[in-house]
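J.: Here it is: the structure, laid out below.
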2 protein chains.
Amino acid sequence: MDDLAEILELDDAGNPLQGRIVQIFQVACRLFAHRGFDGVSMRDIAAECGISKATLYHYFPGKDSILRPLAMGTTKSIFLHVQKYDDPTAPPLVRLRVFLVESANFFEKFRWAWIASSTAFWSDPKVRARKERIAWRDKYEQLLRDILQAGVDRGEIRVDDVRLAGRFVLSTINWMARWFDPDGPLTAAQVGDQFCNMIVNGIGAAQRPAPKEAVAQD
Amino acid sequence: MDDLAEILELDDAGNPLQGRIVQIFQVACRLFAHRGFDGVSMRDIAAECGISKATLYHYFPGKDSILRPLAMGTTKSIFLHVQKYDDPTAPPLVRLRVFLVESANFFEKFRWAWIASSTAFWSDPKVRARKERIAWRDKYEQLLRDILQAGVDRGEIRVDDVRLAGRFVLSTINWMARWFDPDGPLTAAQVGDQFCNMIVNGIGAAQRPAPKEAVAQD
DNA sequence: CGATACTGACCGGACGGTCGGTCGGCTTTC
DNA sequence: GAAAGCCGACCGACCGTCCGGTCAGTATCG
């Protein structure tokens, strides 16, 4: 189960979140991930938590206010997580690998929150906490672009369009939410690592060294 | 506007679909793509078509029966479309490029149907015409894997795991639905083409020839 | 005692879906 | 050729259900 307390904001007084609130977040984001925001009713959440719907409203003023911290916390935390592991002085290809592997690690650890958060983004383009959330998302994407640009500047990465290349890289991570099976043979980090190999070296076999030699492995 | 008549099944008598039915499909899939299946009511669809809700039910027995042919038609048609352009005797790297570019072309032409269809798949994993639809989806993915495997067998593609590589390739196409702007500077086909460059050659600049030389260009 | 956790009953409204019926155009019949 | 029969397109009104959300009240606890 995702340890959501790590990625959720503290309450107004700065105290850690109460158990019941964390439970509601956990239940809600698991349900949102499976059935989508509109497919989950407040009754469902309350029942799954073993409390009445009125009690749910005792803790949350509305349905949106359950989703918003989830989406916000996830979007903000993945940036902070990846940034924490990024060493701007390291070789760009190493930074790129760290970016991918740590994004995958975050995805695996907070899988339900990630999925709930991305479907939320998708299902409702109008009002749900867009601005601040998009700002964090942009920082995340910008970090990737910075890495790519650094690689281009150093002559270690060759792309025509850094923005397009950034979307190319993010596609592979973002789409994992649709098919990744935690019980499958590979961990998310292993998938991120292999994706990085393909991103950096390509899958073509034209005259070039074997993938292992092209970039540092851990 | 998507020309949905191309990808939708004919009626029971084999006649082309009536204008009103096509209109309903077009309106519905545009709305589904924007707000999600659950975010669109039958009233919305009827109002957008300029008819009453009762008339809508005159043509369709239920809400699901609007979505199902859309999702089915899209999933089936993209396979048929890509297969039509695939030449199994061509070099695998050329076939891969055709696969990507034609997938992108299909996406651009039937953008709303594609998006509506993929959100539908997502929002409800239970009953909505799963079996047959998944069968077409599998054929589409299998065609890509066949291309990759052919490349591996000929020594023109180097991957550890064809299935994982297939997901890698599909990620880039599937995620386009989330960011592609038809009014942007690139056509979908151009994006697919550039993605193919990155997939085949990688973005690393390690000692290897320039992308243009590594694979045939049209 | 007051504050907090909690509840069942309830509300207005939107949902998917149904029903009885109107209307204009096309056949059929004499 | 016109009356009769028919049919598909269409509509307003309505149904039961479930939604998000509210509220008065109770149990518990420091």
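In the structure tokens, the first chain shown is A, the next is B, and so on; residue numbers restart at 1 for each chain, and ligands run from 1 in the order shown.
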Near chain A, which residues of chain B fall within 7 Å when you count only C-alpha atoms, and what do they look like as a list in words?

T.: Arg35, Gly36, Asp38, Ser123, Asp124, Gly155, Glu156, Ile157, Arg158, Val159, Phe168, Ser171, Thr172, Trp175, Phe195, Met198, Ile199, Val200, Asn201, Gly202, Ile203, Gly204, Ala205, Ala206, Gln207, Arg208 and Ala214 of chain B

J.: May I have the selected residues written with N, CA, C and O atoms, as a compact mmCIF listing (two decimals), in the first residue's frame?

T.:
# COMPACT_ATOMS: atom_id res chain seq x y z
N ARG B 35 -14.55 15.10 -22.12
CA ARG B 35 -14.98 15.06 -20.71
C ARG B 35 -15.03 13.66 -20.14
O ARG B 35 -15.39 13.50 -18.97
N GLY B 36 -14.70 12.67 -20.94
CA GLY B 36 -14.77 11.30 -20.44
C GLY B 36 -16.17 10.73 -20.54
O GLY B 36 -17.15 11.48 -20.58
N ASP B 38 -18.09 9.08 -18.42
CA ASP B 38 -18.97 9.39 -17.29
C ASP B 38 -19.29 10.87 -17.20
O ASP B 38 -20.26 11.26 -16.55
N SER B 123 -11.59 3.74 -18.36
CA SER B 123 -12.56 4.04 -17.31
C SER B 123 -13.35 2.83 -16.86
O SER B 123 -13.86 2.80 -15.76
N ASP B 124 -13.45 1.83 -17.70
CA ASP B 124 -14.28 0.70 -17.30
C ASP B 124 -13.68 -0.61 -17.75
O ASP B 124 -13.81 -0.99 -18.91
N GLY B 155 19.39 -9.26 -37.69
CA GLY B 155 20.53 -8.54 -37.13
C GLY B 155 20.47 -7.04 -37.36
O GLY B 155 21.48 -6.35 -37.21
N GLU B 156 19.29 -6.52 -37.68
CA GLU B 156 19.17 -5.08 -37.91
C GLU B 156 18.59 -4.36 -36.71
O GLU B 156 18.60 -3.12 -36.65
N ILE B 157 18.06 -5.13 -35.79
CA ILE B 157 17.55 -4.55 -34.54
C ILE B 157 18.17 -5.33 -33.39
O ILE B 157 18.34 -6.56 -33.48
N ARG B 158 18.52 -4.60 -32.35
CA ARG B 158 19.12 -5.25 -31.19
C ARG B 158 18.34 -4.86 -29.94
O ARG B 158 18.39 -3.71 -29.49
N VAL B 159 17.59 -5.81 -29.41
CA VAL B 159 16.86 -5.57 -28.16
C VAL B 159 16.97 -6.82 -27.28
O VAL B 159 17.11 -7.94 -27.79
N PHE B 168 7.72 -0.18 -25.33
CA PHE B 168 8.50 1.05 -25.44
C PHE B 168 8.06 1.85 -26.66
O PHE B 168 7.77 3.05 -26.57
N SER B 171 4.40 3.12 -26.36
CA SER B 171 4.26 4.22 -25.41
C SER B 171 4.29 5.57 -26.12
O SER B 171 3.48 6.45 -25.85
N THR B 172 5.26 5.69 -27.02
CA THR B 172 5.47 6.99 -27.64
C THR B 172 4.26 7.39 -28.48
O THR B 172 3.89 8.56 -28.51
N TRP B 175 0.99 7.94 -26.02
CA TRP B 175 1.01 9.12 -25.18
C TRP B 175 0.78 10.40 -25.99
O TRP B 175 0.45 11.45 -25.45
N PHE B 195 10.09 10.40 -33.85
CA PHE B 195 10.15 9.38 -32.80
C PHE B 195 10.87 8.15 -33.30
O PHE B 195 11.65 7.52 -32.58
N MET B 198 14.54 8.55 -33.12
CA MET B 198 15.07 8.39 -31.76
C MET B 198 15.01 6.94 -31.32
O MET B 198 15.91 6.45 -30.64
N ILE B 199 13.94 6.26 -31.69
CA ILE B 199 13.81 4.85 -31.30
C ILE B 199 14.92 4.02 -31.93
O ILE B 199 15.52 3.16 -31.29
N VAL B 200 15.18 4.27 -33.20
CA VAL B 200 16.15 3.43 -33.91
C VAL B 200 17.59 3.80 -33.53
O VAL B 200 18.41 2.94 -33.22
N ASN B 201 17.89 5.11 -33.54
CA ASN B 201 19.28 5.53 -33.35
C ASN B 201 19.61 5.90 -31.92
O ASN B 201 20.79 6.03 -31.58
N GLY B 202 18.58 6.12 -31.12
CA GLY B 202 18.84 6.59 -29.78
C GLY B 202 19.16 8.06 -29.77
O GLY B 202 19.39 8.67 -30.83
N ILE B 203 19.21 8.64 -28.58
CA ILE B 203 19.53 10.05 -28.50
C ILE B 203 20.97 10.25 -28.02
O ILE B 203 21.44 11.38 -27.96
N GLY B 204 21.64 9.15 -27.69
CA GLY B 204 23.04 9.26 -27.29
C GLY B 204 23.91 9.58 -28.49
O GLY B 204 23.62 9.16 -29.61
N ALA B 205 25.00 10.32 -28.26
CA ALA B 205 25.86 10.72 -29.36
C ALA B 205 27.11 9.85 -29.44
O ALA B 205 28.06 10.19 -30.12
N ALA B 206 27.12 8.72 -28.71
CA ALA B 206 28.29 7.84 -28.71
C ALA B 206 28.64 7.45 -30.15
O ALA B 206 27.78 7.43 -31.02
N GLN B 207 29.94 7.10 -30.34
CA GLN B 207 30.46 6.90 -31.68
C GLN B 207 29.56 6.04 -32.56
O GLN B 207 29.43 4.86 -32.40
N ARG B 208 28.85 6.69 -33.42
CA ARG B 208 28.03 6.02 -34.42
C ARG B 208 27.68 7.04 -35.47
O ARG B 208 27.74 8.25 -35.22
N ALA B 214 21.88 6.02 -40.86
CA ALA B 214 21.67 4.74 -40.20
C ALA B 214 20.44 4.00 -40.72
O ALA B 214 20.35 2.80 -40.64

J.: Using DSSP assignments from the backbone, pull out every residue in stretch 54-116 of chain B that falls under helix (DSSP H, G or I) and give it to me as a PyMOL selection string.

T.: chain B and resi 54-59+64-85+92-109+111-116

J.: Starting from chain C, keep only residues with some atom at most 9 Å from an atom of chain A, counting only C-alpha atoms (C1' of nucleotides), and report them as a list in words.

T.: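 Selected residues: DA5, DC6 and DT7 of chain C.
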
J.: Please produce a file of the residues just selected, as a PDB file, in the first residue's frame, where the atoms kept are N, CA, C and O atoms (P, O5', C5', C4', C3', O3' and C1' of nucleotides).

T.:
ATOM      1  P    DA C   5     -11.771  14.366  15.732  1.00  0.00           P
ATOM      2  O5'  DA C   5     -12.881  13.246  15.966  1.00  0.00           O
ATOM      3  C5'  DA C   5     -12.600  12.202  16.883  1.00  0.00           C
ATOM      4  C4'  DA C   5     -13.657  11.108  16.763  1.00  0.00           C
ATOM      5  C3'  DA C   5     -13.900  10.652  15.317  1.00  0.00           C
ATOM      6  O3'  DA C   5     -14.024   9.237  15.309  1.00  0.00           O
ATOM      7  C1'  DA C   5     -15.935  11.477  16.259  1.00  0.00           C
ATOM      8  P    DC C   6     -14.235   8.484  13.910  1.00  0.00           P
ATOM      9  O5'  DC C   6     -15.824   8.467  13.768  1.00  0.00           O
ATOM     10  C5'  DC C   6     -16.588   7.879  14.828  1.00  0.00           C
ATOM     11  C4'  DC C   6     -18.031   8.209  14.667  1.00  0.00           C
ATOM     12  C3'  DC C   6     -18.665   7.948  13.300  1.00  0.00           C
ATOM     13  O3'  DC C   6     -19.191   6.637  13.269  1.00  0.00           O
ATOM     14  C1'  DC C   6     -19.613   9.829  14.463  1.00  0.00           C
ATOM     15  P    DT C   7     -19.825   6.047  11.933  1.00  0.00           P
ATOM     16  O5'  DT C   7     -21.352   6.430  12.075  1.00  0.00           O
ATOM     17  C5'  DT C   7     -22.073   6.049  13.242  1.00  0.00           C
ATOM     18  C4'  DT C   7     -23.449   6.657  13.218  1.00  0.00           C
ATOM     19  C3'  DT C   7     -24.196   6.438  11.914  1.00  0.00           C
ATOM     20  O3'  DT C   7     -25.170   5.419  12.105  1.00  0.00           O
ATOM     21  C1'  DT C   7     -24.467   8.681  12.767  1.00  0.00           C
TER      22       DT C   7
END

J.: Would you list which chain D residues are within 8 Å of chain A using only C-alpha atoms (C1' of nucleotides), as a PyMOL selection string?

T.: chain D and resi 19-21

J.: Please produce a file of those selected residues containing N, CA and C atoms (P, O5', C5', C4', C3', O3' and C1' of nucleotides), as an mmCIF file, in the first residue's frame.

T.:
data_model
loop_
_atom_site.group_PDB
_atom_site.id
_atom_site.type_symbol
_atom_site.label_atom_id
_atom_site.label_comp_id
_atom_site.auth_asym_id
_atom_site.auth_seq_id
_atom_site.Cartn_x
_atom_site.Cartn_y
_atom_site.Cartn_z
ATOM 1 P P DC D 19 -24.073 6.323 -6.241
ATOM 2 O "O5'" DC D 19 -23.750 7.876 -6.368
ATOM 3 C "C5'" DC D 19 -23.619 8.447 -7.674
ATOM 4 C "C4'" DC D 19 -23.808 9.944 -7.586
ATOM 5 C "C3'" DC D 19 -23.129 10.587 -6.403
ATOM 6 O "O3'" DC D 19 -21.803 10.912 -6.737
ATOM 7 C "C1'" DC D 19 -25.351 11.481 -6.741
ATOM 8 P P DG D 20 -20.764 11.212 -5.601
ATOM 9 O "O5'" DG D 20 -21.051 12.714 -5.182
ATOM 10 C "C5'" DG D 20 -20.939 13.752 -6.135
ATOM 11 C "C4'" DG D 20 -21.394 15.051 -5.537
ATOM 12 C "C3'" DG D 20 -20.606 15.492 -4.307
ATOM 13 O "O3'" DG D 20 -20.437 16.903 -4.342
ATOM 14 C "C1'" DG D 20 -22.895 15.199 -3.721
ATOM 15 P P DG D 21 -19.640 17.620 -3.141
ATOM 16 O "O5'" DG D 21 -20.795 17.915 -2.084
ATOM 17 C "C5'" DG D 21 -21.896 18.738 -2.466
ATOM 18 C "C4'" DG D 21 -22.883 18.829 -1.329
ATOM 19 C "C3'" DG D 21 -22.289 19.165 0.053
ATOM 20 O "O3'" DG D 21 -22.848 20.386 0.506
ATOM 21 C "C1'" DG D 21 -23.906 17.449 0.193
#

J.: Given the choices A:Lys84, A:Lys76, A:Arg30, A:Arg97, which gets closest to A:Gly192 if the distance is worked out from only C-alpha atoms?

T.: A:Arg97

J.: Would you kindly return, as a count of residues only, each protein, DNA or RNA residue with an atom no farther than 12 Å from any atom of A:Met72, considering only C-alpha atoms (C1' of nucleotides) and excluding same-chain residues fewer than 2 positions away?

T.: 33

J.: Can you work out the spacing between atom CA of A:Gln26 and atom CA of A:Ala177 in Å, to one decimal?

T.: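 Taking atom CA of A:Gln26 and atom CA of A:Ala177, their separation equals 17.7 Å.
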
J.: In Å, how far is it from atom C1' of D:DG30 to atom CA of A:Ala47?

T.: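 For atom C1' of D:DG30 relative to atom CA of A:Ala47, the distance reads 29.3 Å.
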
J.: Can you pull out the residues contacting A:Ile24? Cut-off 8 Å, using only C-alpha atoms (C1' of nucleotides), and skip same-chain residues under 4 positions away; I want them as a list in words.

T.: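 The neighbour list is Arg20, Ala28, Ile45, Ala46 and Cys49 of chain A.
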